[in-house]
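To be precise, the following lines are structure.txt, and they hold compact mmCIF, C-alpha atoms.
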```txt
# COMPACT_ATOMS: atom_id res chain seq x y z
CA MET A 1 10.59 13.19 15.22
CA LYS A 2 9.28 12.93 18.74
CA LEU A 3 5.77 11.74 17.82
CA LEU A 4 7.15 8.70 16.01
CA GLU A 5 9.84 7.97 18.61
CA ASP A 6 7.27 8.05 21.41
CA ARG A 7 5.04 5.65 19.52
CA ILE A 8 7.91 3.24 18.90
CA LYS A 9 8.85 3.38 22.59
CA LYS A 10 5.26 2.71 23.60
CA GLU A 11 4.22 0.00 21.13
CA GLY A 12 7.34 -1.37 19.45
CA ARG A 13 8.38 -4.92 20.33
CA VAL A 14 11.94 -6.13 19.86
CA LEU A 15 12.18 -9.73 18.65
CA PRO A 16 15.24 -11.97 18.21
CA GLY A 17 17.28 -11.22 15.08
CA ASN A 18 17.18 -7.44 15.44
CA ILE A 19 13.54 -7.36 14.40
CA LEU A 20 11.46 -4.39 15.56
CA LYS A 21 7.72 -5.09 15.35
CA VAL A 22 5.72 -1.92 14.88
CA ASP A 23 2.74 -3.59 13.33
CA SER A 24 0.21 -1.95 15.62
CA PHE A 25 0.60 1.40 13.86
CA LEU A 26 3.01 1.27 10.89
CA ASN A 27 2.99 -1.86 8.74
CA HIS A 28 0.05 -4.15 9.46
CA GLN A 29 -2.43 -2.03 11.36
CA ILE A 30 -2.02 1.59 10.21
CA ASP A 31 -2.63 4.75 12.22
CA VAL A 32 -3.59 7.14 9.44
CA ASP A 33 -3.18 10.24 11.62
CA LEU A 34 0.42 9.23 12.30
CA TYR A 35 0.94 8.56 8.58
CA ARG A 36 -0.30 12.06 7.85
CA ALA A 37 2.13 13.57 10.35
CA LEU A 38 5.02 11.68 8.73
CA GLY A 39 3.93 12.81 5.27
CA GLU A 40 3.74 16.40 6.43
CA GLU A 41 7.25 16.20 7.91
CA TRP A 42 8.75 14.79 4.70
CA PHE A 43 7.02 17.60 2.85
CA ARG A 44 8.60 20.14 5.19
CA LEU A 45 12.03 18.61 4.55
CA PHE A 46 11.78 18.24 0.75
CA ARG A 47 9.27 20.93 -0.24
CA ASN A 48 11.82 23.07 -2.09
CA GLU A 49 13.15 20.21 -4.19
CA ASN A 50 10.56 20.36 -7.00
CA VAL A 51 9.63 16.72 -6.53
CA THR A 52 7.66 15.38 -9.52
CA LYS A 53 7.07 11.82 -8.35
CA ILE A 54 7.26 9.67 -5.23
CA LEU A 55 8.74 6.20 -5.61
CA THR A 56 8.23 3.40 -3.09
CA ILE A 57 8.10 -0.39 -3.00
CA GLU A 58 5.28 -2.74 -2.12
CA ALA A 59 3.74 -3.33 0.32
CA SER A 60 4.32 -1.26 3.47
CA GLY A 61 5.69 1.77 1.64
CA ILE A 62 2.54 2.39 -0.37
CA GLY A 63 0.33 3.98 2.27
CA LEU A 64 3.12 6.28 3.46
CA ALA A 65 3.91 7.30 -0.11
CA VAL A 66 0.27 8.08 -0.86
CA VAL A 67 -0.20 10.41 2.12
CA ALA A 68 3.13 12.12 1.40
CA ALA A 69 2.14 12.55 -2.26
CA GLU A 70 -0.97 14.42 -1.22
CA TYR A 71 1.26 17.14 0.22
CA PHE A 72 3.50 17.30 -2.85
CA HIS A 73 0.60 16.98 -5.33
CA VAL A 74 2.48 14.43 -7.39
CA PRO A 75 1.80 10.80 -8.41
CA VAL A 76 3.16 7.77 -6.59
CA VAL A 77 4.84 4.88 -8.37
CA PHE A 78 5.31 1.69 -6.40
CA ALA A 79 7.91 -0.85 -7.46
CA LYS A 80 6.79 -4.46 -7.40
CA LYS A 81 8.78 -7.31 -5.95
CA SER A 82 9.31 -9.98 -8.56
CA LYS A 83 10.92 -13.32 -7.83
CA SER A 84 11.16 -14.04 -11.54
CA LYS A 85 14.50 -13.47 -13.21
CA ASN A 86 12.67 -13.26 -16.50
CA ILE A 87 12.05 -9.51 -16.63
CA GLY A 88 10.44 -7.93 -19.71
CA ASP A 89 11.94 -5.23 -21.91
CA ASP A 90 9.40 -2.72 -20.71
CA LEU A 91 10.63 -2.77 -17.10
CA PHE A 92 13.43 -1.22 -15.09
CA SER A 93 14.74 -3.86 -12.67
CA ALA A 94 17.22 -3.97 -9.78
CA GLY A 95 18.09 -6.85 -7.47
CA ALA A 96 17.57 -6.74 -3.70
CA THR A 97 17.58 -9.01 -0.66
CA SER A 98 15.09 -9.11 2.19
CA PHE A 99 17.24 -9.87 5.23
CA THR A 100 14.19 -10.01 7.49
CA HIS A 101 12.37 -12.57 5.38
CA GLY A 102 15.40 -14.22 3.83
CA TYR A 103 14.89 -14.11 0.08
CA ASP A 104 16.15 -12.34 -3.04
CA TYR A 105 13.89 -10.46 -5.41
CA SER A 106 13.93 -7.89 -8.18
CA ALA A 107 12.37 -4.46 -7.66
CA VAL A 108 10.65 -3.67 -10.96
CA VAL A 109 8.94 -0.59 -12.39
CA SER A 110 7.38 -0.09 -15.81
CA LYS A 111 9.45 2.19 -18.04
CA ARG A 112 6.23 4.08 -18.72
CA TYR A 113 6.29 5.68 -15.28
CA LEU A 114 9.83 6.94 -14.65
CA HIS A 115 11.32 9.52 -17.00
CA PRO A 116 14.60 11.47 -17.34
CA GLU A 117 12.87 14.74 -16.43
CA ASP A 118 11.51 13.32 -13.14
CA ARG A 119 12.77 14.50 -9.77
CA ILE A 120 12.15 11.52 -7.51
CA LEU A 121 11.64 11.34 -3.76
CA ILE A 122 11.82 7.80 -2.40
CA ILE A 123 9.63 6.94 0.61
CA ASP A 124 9.81 3.74 2.65
CA ASP A 125 8.93 2.49 6.12
CA PHE A 126 12.26 0.92 7.16
CA LEU A 127 15.96 1.34 6.44
CA ALA A 128 18.40 -1.22 7.85
CA GLU A 129 20.90 -2.85 5.47
CA GLY A 130 19.60 -0.57 2.74
CA SER A 131 19.02 -3.24 0.11
CA ALA A 132 15.54 -2.12 -0.94
CA LEU A 133 16.55 1.54 -0.96
CA HIS A 134 19.64 0.74 -2.99
CA ALA A 135 17.47 -1.06 -5.55
CA LEU A 136 15.04 1.87 -5.78
CA ILE A 137 17.94 4.27 -6.32
CA GLY A 138 19.10 1.93 -9.08
CA LEU A 139 15.70 2.21 -10.79
CA VAL A 140 15.90 6.02 -10.65
CA GLY A 141 19.34 5.81 -12.26
CA GLN A 142 18.18 3.47 -15.01
CA ALA A 143 15.43 5.95 -15.88
CA GLY A 144 17.98 8.77 -16.06
CA ALA A 145 15.87 10.65 -13.50
CA THR A 146 17.15 12.84 -10.65
CA LEU A 147 17.11 11.49 -7.12
CA VAL A 148 16.09 14.19 -4.66
CA GLY A 149 16.52 11.99 -1.60
CA ALA A 150 14.86 9.39 0.57
CA GLY A 151 12.30 9.85 3.34
CA ILE A 152 12.35 6.92 5.75
CA ALA A 153 10.11 6.35 8.76
CA ILE A 154 12.40 4.18 10.93
CA GLU A 155 16.13 3.74 10.40
CA LYS A 156 18.04 1.08 12.32
CA ALA A 157 21.11 3.28 12.60
CA PHE A 158 23.14 0.43 14.11
CA GLN A 159 22.96 -1.28 10.70
CA PRO A 160 25.05 0.21 7.89
CA GLY A 161 22.50 1.01 5.15
CA GLY A 162 21.84 4.65 5.97
CA GLU A 163 25.44 5.69 6.58
CA LYS A 164 26.66 4.02 3.39
CA LEU A 165 24.11 5.88 1.30
CA ARG A 166 24.82 9.21 3.01
CA ALA A 167 28.53 8.66 2.38
CA ALA A 168 27.66 8.16 -1.28
CA GLY A 169 25.95 11.56 -1.31
CA VAL A 170 22.32 10.52 -1.00
CA ARG A 171 20.15 12.75 1.19
CA VAL A 172 18.47 10.33 3.61
CA GLU A 173 15.93 11.78 6.06
CA SER A 174 14.85 9.23 8.65
CA LEU A 175 12.19 10.41 11.08
CA ALA A 176 13.28 8.02 13.86
CA ARG A 177 16.84 6.68 14.05
CA ILE A 178 17.40 3.80 16.44
CA LYS A 179 20.87 3.70 18.00
CA CYS A 180 20.45 0.42 19.79
CA MET A 181 17.67 -1.88 20.85
CA SER A 182 17.13 -4.94 22.99
CA ASP A 183 14.30 -6.64 24.88
CA ASP A 184 14.20 -4.04 27.58
CA ASP A 185 15.79 -0.97 26.04
CA LEU A 186 15.49 1.11 22.92
CA GLU A 187 17.58 4.24 22.34
CA PHE A 188 17.36 6.81 19.60
CA CYS A 189 20.22 8.78 18.01
CA GLU A 190 20.45 12.41 19.11
CA MET B 1 -18.86 6.84 -10.74
CA LYS B 2 -18.27 8.85 -13.86
CA LEU B 3 -14.82 10.15 -12.90
CA LEU B 4 -13.48 6.60 -12.59
CA GLU B 5 -15.31 5.27 -15.65
CA ASP B 6 -13.94 8.08 -17.79
CA ARG B 7 -10.42 7.38 -16.60
CA ILE B 8 -10.75 3.66 -17.35
CA LYS B 9 -12.08 4.47 -20.84
CA LYS B 10 -9.20 6.84 -21.46
CA GLU B 11 -6.25 4.92 -20.03
CA GLY B 12 -7.31 1.30 -19.47
CA ARG B 13 -5.78 -1.34 -21.72
CA VAL B 14 -7.46 -4.70 -22.29
CA LEU B 15 -5.01 -7.61 -22.53
CA PRO B 16 -5.64 -11.27 -23.41
CA GLY B 17 -7.14 -13.32 -20.57
CA ASN B 18 -9.69 -10.69 -19.50
CA ILE B 19 -6.96 -8.56 -17.96
CA LEU B 20 -7.64 -4.85 -17.62
CA LYS B 21 -4.45 -2.83 -17.12
CA VAL B 22 -5.09 0.37 -15.22
CA ASP B 23 -1.56 0.75 -13.96
CA SER B 24 -1.19 4.37 -15.08
CA PHE B 25 -3.48 5.58 -12.28
CA LEU B 26 -4.68 2.77 -9.99
CA ASN B 27 -2.22 0.02 -9.16
CA HIS B 28 1.34 0.81 -10.21
CA GLN B 29 1.40 4.53 -10.79
CA ILE B 30 -1.16 6.15 -8.47
CA ASP B 31 -3.18 9.31 -9.07
CA VAL B 32 -3.68 10.45 -5.49
CA ASP B 33 -6.41 12.95 -6.42
CA LEU B 34 -8.42 10.12 -7.95
CA TYR B 35 -7.77 7.99 -4.86
CA ARG B 36 -9.15 10.79 -2.72
CA ALA B 37 -12.30 11.01 -4.85
CA LEU B 38 -12.85 7.26 -4.49
CA GLY B 39 -12.28 7.45 -0.72
CA GLU B 40 -14.79 10.28 -0.44
CA GLU B 41 -17.39 8.33 -2.41
CA TRP B 42 -17.02 5.23 -0.20
CA PHE B 43 -17.40 7.52 2.78
CA ARG B 44 -20.62 8.93 1.34
CA LEU B 45 -21.94 5.40 0.85
CA PHE B 46 -20.94 3.94 4.23
CA ARG B 47 -20.80 6.98 6.50
CA ASN B 48 -23.81 5.93 8.60
CA GLU B 49 -22.51 2.43 9.26
CA ASN B 50 -20.33 3.25 12.30
CA VAL B 51 -17.26 1.74 10.67
CA THR B 52 -14.48 1.13 13.23
CA LYS B 53 -11.82 -0.31 10.93
CA ILE B 54 -10.98 -0.67 7.26
CA LEU B 55 -9.63 -4.02 6.10
CA THR B 56 -7.77 -4.54 2.84
CA ILE B 57 -5.11 -6.83 1.38
CA GLU B 58 -1.62 -6.07 0.14
CA ALA B 59 -0.49 -4.54 -2.08
CA SER B 60 -2.78 -2.45 -4.30
CA GLY B 61 -5.54 -2.11 -1.73
CA ILE B 62 -3.38 -0.33 0.83
CA GLY B 63 -3.27 3.15 -0.68
CA LEU B 64 -7.01 3.16 -1.34
CA ALA B 65 -7.74 1.97 2.19
CA VAL B 66 -5.52 4.66 3.71
CA VAL B 67 -7.22 7.56 1.92
CA ALA B 68 -10.66 6.12 2.70
CA ALA B 69 -9.68 5.71 6.36
CA GLU B 70 -8.86 9.41 6.57
CA TYR B 71 -12.53 10.17 5.91
CA PHE B 72 -13.78 7.62 8.44
CA HIS B 73 -11.11 8.46 11.04
CA VAL B 74 -10.41 4.81 11.71
CA PRO B 75 -7.32 2.58 11.42
CA VAL B 76 -6.53 0.39 8.42
CA VAL B 77 -5.51 -3.24 8.75
CA PHE B 78 -4.00 -4.86 5.68
CA ALA B 79 -3.99 -8.64 5.32
CA LYS B 80 -0.75 -10.17 4.13
CA LYS B 81 -0.49 -12.81 1.44
CA SER B 82 1.33 -15.83 2.78
CA LYS B 83 2.30 -18.80 0.65
CA SER B 84 3.17 -20.78 3.75
CA LYS B 85 0.63 -23.30 4.98
CA ASN B 86 2.30 -23.14 8.36
CA ILE B 87 0.24 -20.36 9.94
CA GLY B 88 0.79 -19.41 13.59
CA ASP B 89 -1.77 -19.50 16.38
CA ASP B 90 -1.81 -15.73 16.59
CA LEU B 91 -3.21 -15.25 13.05
CA PHE B 92 -6.58 -15.42 11.36
CA SER B 93 -6.10 -17.08 7.98
CA ALA B 94 -8.24 -17.77 4.91
CA GLY B 95 -7.29 -19.38 1.59
CA ALA B 96 -7.55 -17.55 -1.74
CA THR B 97 -6.49 -17.89 -5.37
CA SER B 98 -5.05 -15.23 -7.64
CA PHE B 99 -6.54 -16.05 -11.03
CA THR B 100 -4.60 -13.25 -12.72
CA HIS B 101 -1.23 -14.43 -11.42
CA GLY B 102 -2.07 -18.13 -11.07
CA TYR B 103 -1.22 -19.07 -7.50
CA ASP B 104 -2.84 -19.93 -4.20
CA TYR B 105 -2.13 -18.08 -0.98
CA SER B 106 -3.47 -17.47 2.51
CA ALA B 107 -4.75 -14.04 3.52
CA VAL B 108 -3.54 -13.58 7.10
CA VAL B 109 -4.16 -10.98 9.80
CA SER B 110 -2.86 -10.86 13.35
CA LYS B 111 -5.55 -11.63 15.91
CA ARG B 112 -4.41 -8.49 17.73
CA TYR B 113 -6.04 -6.23 15.15
CA LEU B 114 -9.55 -7.60 14.50
CA HIS B 115 -12.02 -7.83 17.38
CA PRO B 116 -15.65 -8.95 17.90
CA GLU B 117 -16.75 -5.36 18.52
CA ASP B 118 -15.30 -4.12 15.20
CA ARG B 119 -17.51 -2.98 12.35
CA ILE B 120 -15.41 -3.64 9.28
CA LEU B 121 -15.48 -2.02 5.86
CA ILE B 122 -13.41 -3.91 3.28
CA ILE B 123 -11.72 -1.86 0.53
CA ASP B 124 -9.99 -3.27 -2.55
CA ASP B 125 -9.04 -2.21 -6.05
CA PHE B 126 -10.55 -5.07 -8.09
CA LEU B 127 -13.37 -7.59 -7.85
CA ALA B 128 -13.62 -10.35 -10.46
CA GLU B 129 -13.96 -13.95 -9.27
CA GLY B 130 -14.14 -12.62 -5.71
CA SER B 131 -11.53 -14.91 -4.18
CA ALA B 132 -9.61 -12.21 -2.27
CA LEU B 133 -12.82 -10.57 -1.07
CA HIS B 134 -14.19 -13.92 0.03
CA ALA B 135 -11.03 -14.54 2.05
CA LEU B 136 -11.21 -11.10 3.71
CA ILE B 137 -14.85 -11.75 4.65
CA GLY B 138 -13.68 -15.04 6.14
CA LEU B 139 -11.18 -13.18 8.33
CA VAL B 140 -13.92 -10.84 9.57
CA GLY B 141 -16.02 -13.90 10.44
CA GLN B 142 -13.16 -15.61 12.29
CA ALA B 143 -12.74 -12.48 14.41
CA GLY B 144 -16.45 -12.47 15.22
CA ALA B 145 -16.58 -8.91 13.89
CA THR B 146 -19.43 -7.33 11.90
CA LEU B 147 -19.00 -6.86 8.17
CA VAL B 148 -20.47 -3.55 7.04
CA GLY B 149 -19.76 -4.11 3.36
CA ALA B 150 -17.13 -3.86 0.67
CA GLY B 151 -16.03 -0.81 -1.30
CA ILE B 152 -14.44 -1.82 -4.61
CA ALA B 153 -12.92 0.43 -7.25
CA ILE B 154 -13.42 -1.72 -10.37
CA GLU B 155 -15.71 -4.71 -10.63
CA LYS B 156 -15.60 -6.99 -13.64
CA ALA B 157 -19.34 -7.55 -13.57
CA PHE B 158 -19.10 -10.18 -16.31
CA GLN B 159 -17.30 -12.41 -13.80
CA PRO B 160 -19.39 -13.91 -10.97
CA GLY B 161 -17.67 -12.69 -7.77
CA GLY B 162 -19.79 -9.62 -7.09
CA GLU B 163 -23.18 -11.18 -7.82
CA LYS B 164 -22.44 -14.25 -5.68
CA LEU B 165 -21.53 -12.09 -2.69
CA ARG B 166 -24.57 -9.82 -3.14
CA ALA B 167 -26.78 -12.91 -3.35
CA ALA B 168 -25.25 -13.99 -0.02
CA GLY B 169 -26.33 -10.67 1.50
CA VAL B 170 -23.03 -8.76 1.40
CA ARG B 171 -23.31 -5.06 0.54
CA VAL B 172 -20.84 -4.58 -2.32
CA GLU B 173 -20.38 -1.04 -3.65
CA SER B 174 -18.25 -0.98 -6.80
CA LEU B 175 -17.50 2.46 -8.20
CA ALA B 176 -17.09 1.22 -11.79
CA ARG B 177 -18.77 -1.97 -13.01
CA ILE B 178 -17.60 -3.32 -16.33
CA LYS B 179 -20.27 -5.15 -18.32
CA CYS B 180 -18.03 -6.31 -21.12
CA MET B 181 -14.61 -5.50 -22.52
CA SER B 182 -12.47 -6.29 -25.53
CA ASP B 183 -9.58 -4.78 -27.48
CA ASP B 184 -11.69 -2.05 -28.97
CA ASP B 185 -14.66 -1.73 -26.67
CA LEU B 186 -15.39 -1.34 -22.98
CA GLU B 187 -18.93 -0.99 -21.62
CA PHE B 188 -20.08 -0.21 -18.11
CA CYS B 189 -23.24 -1.45 -16.37
CA GLU B 190 -26.03 1.11 -16.07
```

Show me, as structure tokens, the structure contained in the file I just sent.
Amino acid sequence: MKLLEDRIKKEGRVLPGNILKVDSFLNHQIDVDLYRALGEEWFRLFRNENVTKILTIEASGIGLAVVAAEYFHVPVVFAKKSKSKNIGDDLFSAGATSFTHGYDYSAVVSKRYLHPEDRILIIDDFLAEGSALHALIGLVGQAGATLVGAGIAIEKAFQPGGEKLRAAGVRVESLARIKCMSDDDLEFCE
Amino acid sequence: MKLLEDRIKKEGRVLPGNILKVDSFLNHQIDVDLYRALGEEWFRLFRNENVTKILTIEASGIGLAVVAAEYFHVPVVFAKKSKSKNIGDDLFSAGATSFTHGYDYSAVVSKRYLHPEDRILIIDDFLAEGSALHALIGLVGQAGATLVGAGIAIEKAFQPGGEKLRAAGVRVESLARIKCMSDDDLEFCE
């Protein structure tokens, strides 16, 4: 999606450790017009999938999920990150690792809010190793719900998360896919 | 705001420790139509204040801030909760306590995204003791920006946070103010 790629080119900063800072418009300061354009594009891609619910994970996914949900006219559910291993009976839970921040956590969702009849679209800001997305897909599975696919803003396509999930049959739609990046260069996949 | 009060009456659950669970529509599962109504009401209240930016704090405030920002046509900045005391030079930082979850943290925002010329509206889902709101107001002060006021979804008016801030001259607009609550009763302020 050219609008997003142009913005990344203009404002993204590449830091050591394969970190791409896009906090001027995506995940600290938020450009709500850009969010709306991303939401509209995910709606175009998934509009015929009878989505009943959008699932995301705190914190940066929430705003994107909410604007997307306005197009689909469905509720959002956001998974919480719990560092406790002591998870209650009333929760679905799946383990994940934050490679950027270097810690393990459980993605948890109340069993009240995911049901077997749900058709779930997952929305998130970043896809790199795919740990968070893998955990969210696990929650959908535990609920016995149907996974429609995943709408991602920025995929680091030089990391394996996206390709692994596509190989496993998951429909992953990333609106900007970065092929390679360094201090002075950033290239997108065709 | 009757729409919000009715929803709290219908779906809110009061748990021990003065906890009000509204996770079926506000802060775990999200009713985006309700969010939009809240955003529109905050816009009605603050529309003449020349708001340039909406400030909130992760995680539950983000969705509300994003829909409100669409009415104001301004960016959102969300403060992050850091448990580290080792805060960089490039951040504004203010201490806060989560009474519900029982821990201390710092609310931090990059200095890039709050400026002296900004007129800031704070948005958050809950106001009880007022610790998070107090920290956000501190960040606005550190930036030398102007605080326009705070738009809150649910205020526990039987706890002192809101009244203390109003007494200090802060404009606090809470869309539902709970006077008292127990297992079998929940009353709103007139």

Task: Interface, chain B side, toward chain A (8 Å; all atoms listed in the file) as a list in words - done: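 Going by the stated atoms only, the list reads Ser24, His28, Gln29, Ile30, Asp31, Val32, Asp33, Glu58, Ala59, Ile62, Gly63, Val66, Val67, Ala69, Glu70, His73, Val74, Pro75, Val76, Val77, Phe78, Ala79 and Tyr113 of chain B.
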
Open item on the list: Please compute the atom CA of Ile122 of chain A-atom CA of Thr146 of chain A distance, one decimal, in Å.
Closed with: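 Result for atom CA of Ile122 of chain A versus atom CA of Thr146 of chain A: 11.0 Å, one decimal.
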
- [ ] Do a neighbour search on Glu5 of chain A at 12 Å with all atoms listed in the file, toss out local chain neighbours closer than 2 positions, and write the hits as a list in words.
- [x]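 Here the qualifying residues turn out to be Met1, Lys2, Leu3, Arg7, Ile8, Lys9, Lys10, Glu11, Gly12, Val22, Leu34, Leu38, Ala153, Ile154, Glu155, Ser174, Leu175, Ala176, Arg177, Ile178, Lys179, Leu186, Glu187, Phe188, Cys189 and Glu190 of chain A.
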
- [ ] Kindly give the distance, in Å, that separates atom CA of Leu165 of chain B and atom CA of Gly144 of chain B, rounded to a single decimal.
- [x]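 Between these atoms lies a distance of 18.6 Å.
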
Task: 6 Å contact set for His115 of chain B, all atoms listed in the file, chain neighbours under 3 positions out, as a PyMOL selection string - done: chain B and resi 118+143+145

Open item on the list: Please compute the atom CA of Gly39 of chain B-atom CA of Thr52 of chain B distance, one decimal, in Å.
Closed with: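 Atom CA of Thr52 of chain B lies at a distance of 15.5 Å from atom CA of Gly39 of chain B.
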
Open item on the list: With all atoms listed in the file as the counted atoms, please give the residues lying no more than 10 Å from Val172 of chain A, apart from itself and same-chain residues fewer than 5 positions off, as a PyMOL selection string.
Closed with: chain A and resi 122-123+127+148-152+155+162-163+165-166

TODO: Write out as a ChimeraX atom specification each polymer residue whose atoms come within 12 Å of Gly95 of chain B, counting all atoms listed in the file; drop sequence neighbours fewer than 3 positions from it.
DONE: /B:79-85,87,92,98,103-108,131-139

Edge lengths and centre, in Å to one decimal, as lines of an AutoDock Vina configuration file: that's what I need for the box along x, y and z that holds all listed atoms of segment 1-14 of chain A plus 3 Å on each side.
```
center_x = 8.1
center_y = 3.5
center_z = 19.4
size_x = 13.7
size_y = 25.3
size_z = 14.4
```

Task: Counting all atoms listed in the file, the residue of B:Val14, B:Leu147, B:Leu4, B:Ala94 that sits nearest Cys180 of chain B - done: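 With all atoms listed in the file as the atom set, the closest residue is B:Val14.
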
- [ ] Just give me the residues with any atom within 10 Å of (11.3, 19.7, -2.1), file coordinates, counting all atoms listed in the file, written as a ChimeraX atom specification.
- [x] /A:42-52,72,119-121,148-149
